[in-house]
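Working notes for the structure below.
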Amino acid sequence: QNILTEKEFVDKDNLTYPFEERGLQFGDGIYEVIRVYKGKYYLIEEHLDRLFRSAAAVKINVPYNREELAHQLDELLKRNEIDKDAKVYLQITRGSAPREHAFPLNTPANLYAYVQDLPRKINLMKEGVTAISQPDVRWDWCYIKSLNLLPNVIAKQEAEEKGSFEAVLHKDGEVTECSSSNIYLVKDGSVYTHPAKKNILHGCVRMRVEHFCKEKSIPFVEEAFRIEDFQHADEVFLSSSTAEVMPIIKVDNQVIGTGKPGSITRVLQQSYERDAD
Ligand code: PDD
């Protein structure tokens with residue numbers, strides 16, 4: 001398997017990092033997960049925009065300029081002969097240097113990107129999934145796609161242990177997003193979701209969901225809702241590059257609407273399907 005690094009492509013088995021890697025010691029880095037359909041990137045511009053935004057926010061110098069990076073990412077798919085549905089994981093850290101909290105001087109960033117097959121979750125998207133609620137104990141800058149995912153990992157593990165697909169995160173009852181996806185509530189024909197403030201990740205698929213809603217004249221309301229609102233919700237769904245537009249049919253013990261994926265969710269799934277094709 002060919003892996004893209006800050007300098008060149010290397011074979012997976014030849015990629016090593018020193019123990020004083022700031023990504024490992026401080027979580028001092030950022031990442032992206034980019035979807036690939038039939039060997040082609042989906043929403044690549046949106047992901048590159050966010051990657052450079054995250055890097056700037058934490059003052060990491062991306063080792064390639066945007067054109068070079070886009071080219072190298074294309075090359076990654078070519079070299080690995082990817083023609084199916086897949087995902088690319090791309091990580092950039094502040095590099096390797098003796099452990100000091102403050103930034104090291106003259107240390108180049110470390111980058112790697114690799115590609116992995118990822119079949120679409122067709123059955124789950126048809127049937128819907130369940131979720132649990134968890135307190136959002138993350139920091140205030142979740143718009144940065146940072147490597148510090150311990151709260152997300154712990155929340156997702158709780159969900160996993162309860163046989164659920166996702167953990168819905170809330171701050172004092174106000175729903176922000178999920179452990180690795182954005183979340184939406186449908187009520188009386190309108191789609192509600194937390195505003196794209198600094199305390200949530202501005203999902204690339206979320207941007208498309210907003211666009212699909214506009215196309216279909218479905219009001220897209222950036223207004224936070226609360227855990228209690230699930231009681232009266234008509235539909236709930238989540239979105240991410242790996243889960244696409246995924247219906248949620250139950251949160252904790254609360255069945256959502258009829259307990260089946262709703263009609264607006266279906267419309268948005270169809271829009272996504274067309275867009276990604
Ligand atoms: N996660 N919110 C969080 C906290 C996320 O980690 C993600 C994506 C999203 C959705 O973003 P997008 O639509 O750009 O994929 C929202 C990726 C898939 C991950 O960490 O694996």
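Ordering of the structure tokens sets the chain letters (A, B, ...); residue numbers start at 1 within each chain; ligands are numbered from 1 in the order shown.
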
Using only C-alpha atoms and all ligand atoms, I'd like a table of the residues in chain A that come within 9 Å of ligand 1; for each, show the closest atom pair and its distance in Å rounded to one decimal, ordered by chain and ascending number, as JSON lines.
```
{"residue": "A:Tyr31", "atom": "CA", "partner": "ligand 1", "partner_atom_place_in_ligand_line": "20 (O)", "distance": 8.1}
{"residue": "A:Glu32", "atom": "CA", "partner": "ligand 1", "partner_atom_place_in_ligand_line": "17 (C)", "distance": 7.0}
{"residue": "A:Val33", "atom": "CA", "partner": "ligand 1", "partner_atom_place_in_ligand_line": "18 (C)", "distance": 5.3}
{"residue": "A:Ile34", "atom": "CA", "partner": "ligand 1", "partner_atom_place_in_ligand_line": "15 (O)", "distance": 7.1}
{"residue": "A:Arg35", "atom": "CA", "partner": "ligand 1", "partner_atom_place_in_ligand_line": "15 (O)", "distance": 8.1}
{"residue": "A:Leu43", "atom": "CA", "partner": "ligand 1", "partner_atom_place_in_ligand_line": "14 (O)", "distance": 8.8}
{"residue": "A:Glu46", "atom": "CA", "partner": "ligand 1", "partner_atom_place_in_ligand_line": "14 (O)", "distance": 8.1}
{"residue": "A:His47", "atom": "CA", "partner": "ligand 1", "partner_atom_place_in_ligand_line": "14 (O)", "distance": 6.9}
{"residue": "A:Arg50", "atom": "CA", "partner": "ligand 1", "partner_atom_place_in_ligand_line": "14 (O)", "distance": 8.5}
{"residue": "A:Tyr89", "atom": "CA", "partner": "ligand 1", "partner_atom_place_in_ligand_line": "21 (O)", "distance": 8.2}
{"residue": "A:Cys142", "atom": "CA", "partner": "ligand 1", "partner_atom_place_in_ligand_line": "4 (C)", "distance": 7.3}
{"residue": "A:Tyr143", "atom": "CA", "partner": "ligand 1", "partner_atom_place_in_ligand_line": "4 (C)", "distance": 8.5}
{"residue": "A:Lys145", "atom": "CA", "partner": "ligand 1", "partner_atom_place_in_ligand_line": "6 (O)", "distance": 7.3}
{"residue": "A:Leu149", "atom": "CA", "partner": "ligand 1", "partner_atom_place_in_ligand_line": "6 (O)", "distance": 8.4}
{"residue": "A:Asn152", "atom": "CA", "partner": "ligand 1", "partner_atom_place_in_ligand_line": "4 (C)", "distance": 7.1}
{"residue": "A:Glu177", "atom": "CA", "partner": "ligand 1", "partner_atom_place_in_ligand_line": "2 (N)", "distance": 6.1}
{"residue": "A:Cys178", "atom": "CA", "partner": "ligand 1", "partner_atom_place_in_ligand_line": "4 (C)", "distance": 6.0}
{"residue": "A:Ser179", "atom": "CA", "partner": "ligand 1", "partner_atom_place_in_ligand_line": "4 (C)", "distance": 5.0}
{"residue": "A:Ser180", "atom": "CA", "partner": "ligand 1", "partner_atom_place_in_ligand_line": "6 (O)", "distance": 3.5}
{"residue": "A:Ser181", "atom": "CA", "partner": "ligand 1", "partner_atom_place_in_ligand_line": "16 (C)", "distance": 3.5}
{"residue": "A:Asn182", "atom": "CA", "partner": "ligand 1", "partner_atom_place_in_ligand_line": "16 (C)", "distance": 4.5}
{"residue": "A:Ile183", "atom": "CA", "partner": "ligand 1", "partner_atom_place_in_ligand_line": "16 (C)", "distance": 8.2}
{"residue": "A:Ile200", "atom": "CA", "partner": "ligand 1", "partner_atom_place_in_ligand_line": "2 (N)", "distance": 6.6}
{"residue": "A:Leu201", "atom": "CA", "partner": "ligand 1", "partner_atom_place_in_ligand_line": "2 (N)", "distance": 4.7}
{"residue": "A:His202", "atom": "CA", "partner": "ligand 1", "partner_atom_place_in_ligand_line": "11 (O)", "distance": 6.5}
{"residue": "A:Gly203", "atom": "CA", "partner": "ligand 1", "partner_atom_place_in_ligand_line": "11 (O)", "distance": 3.5}
{"residue": "A:Cys204", "atom": "CA", "partner": "ligand 1", "partner_atom_place_in_ligand_line": "14 (O)", "distance": 3.7}
{"residue": "A:Val205", "atom": "CA", "partner": "ligand 1", "partner_atom_place_in_ligand_line": "13 (O)", "distance": 3.8}
{"residue": "A:Arg206", "atom": "CA", "partner": "ligand 1", "partner_atom_place_in_ligand_line": "13 (O)", "distance": 5.5}
{"residue": "A:Met207", "atom": "CA", "partner": "ligand 1", "partner_atom_place_in_ligand_line": "13 (O)", "distance": 7.8}
{"residue": "A:Arg208", "atom": "CA", "partner": "ligand 1", "partner_atom_place_in_ligand_line": "13 (O)", "distance": 8.6}
{"residue": "A:Leu238", "atom": "CA", "partner": "ligand 1", "partner_atom_place_in_ligand_line": "10 (C)", "distance": 8.7}
{"residue": "A:Ser239", "atom": "CA", "partner": "ligand 1", "partner_atom_place_in_ligand_line": "13 (O)", "distance": 5.9}
{"residue": "A:Ser240", "atom": "CA", "partner": "ligand 1", "partner_atom_place_in_ligand_line": "13 (O)", "distance": 3.7}
{"residue": "A:Ser241", "atom": "CA", "partner": "ligand 1", "partner_atom_place_in_ligand_line": "15 (O)", "distance": 3.6}
{"residue": "A:Thr242", "atom": "CA", "partner": "ligand 1", "partner_atom_place_in_ligand_line": "18 (C)", "distance": 5.2}
{"residue": "A:Ala243", "atom": "CA", "partner": "ligand 1", "partner_atom_place_in_ligand_line": "18 (C)", "distance": 7.6}
{"residue": "A:Glu244", "atom": "CA", "partner": "ligand 1", "partner_atom_place_in_ligand_line": "13 (O)", "distance": 7.7}
```

| request: Can you pull out every residue within 6 Å of A:Glu6, counting only C-alpha atoms, but drop anything in the same chain fewer than 3 positions away, and send it as a PyMOL selection string? | output: chain A and resi 63+110-111

Keeping only C-alpha atoms, write the selected residues to a file as a short mmCIF file (atom, residue, chain, number, x, y, z; two decimals), in the first residue's frame.
```cif
data_model
loop_
_atom_site.label_atom_id
_atom_site.label_comp_id
_atom_site.auth_asym_id
_atom_site.auth_seq_id
_atom_site.Cartn_x
_atom_site.Cartn_y
_atom_site.Cartn_z
CA PRO A 63 3.77 20.95 3.81
CA ASN A 110 4.57 15.55 9.45
CA LEU A 111 1.87 14.47 7.02
#
```

So that each row is one residue of stretch 214-242 of chain A with an atom at most 12 Å from stretch 128-140 of chain A, can you give its shortest atom pair and the distance in Å to one decimal, using only C-alpha atoms, rows by chain and rising number, as CSV?
```
residue,atom,partner,partner_atom,distance
A:Arg226,CA,A:Ser133,CA,10.9
A:Ile227,CA,A:Ser133,CA,7.9
A:Glu228,CA,A:Ser133,CA,11.0
A:Phe230,CA,A:Ser133,CA,10.9
A:Glu235,CA,A:Gly128,CA,10.7
A:Val236,CA,A:Gly128,CA,9.7
A:Phe237,CA,A:Gly128,CA,8.5
A:Leu238,CA,A:Val129,CA,9.8
```

| task | Using backbone DSSP assignments, extract all strand (DSSP E) residues from stretch 118-221 of chain A; output them as a PyMOL selection string. | result | chain A and resi 129-135+166-171+174-178+182-187+190-193+220-221

| query | stretch 62-271 of chain A: which residues are alpha helix (DSSP H) by DSSP, as a PyMOL selection string? | reply | chain A and resi 66-79+122-127+150-161+204-215+263-271
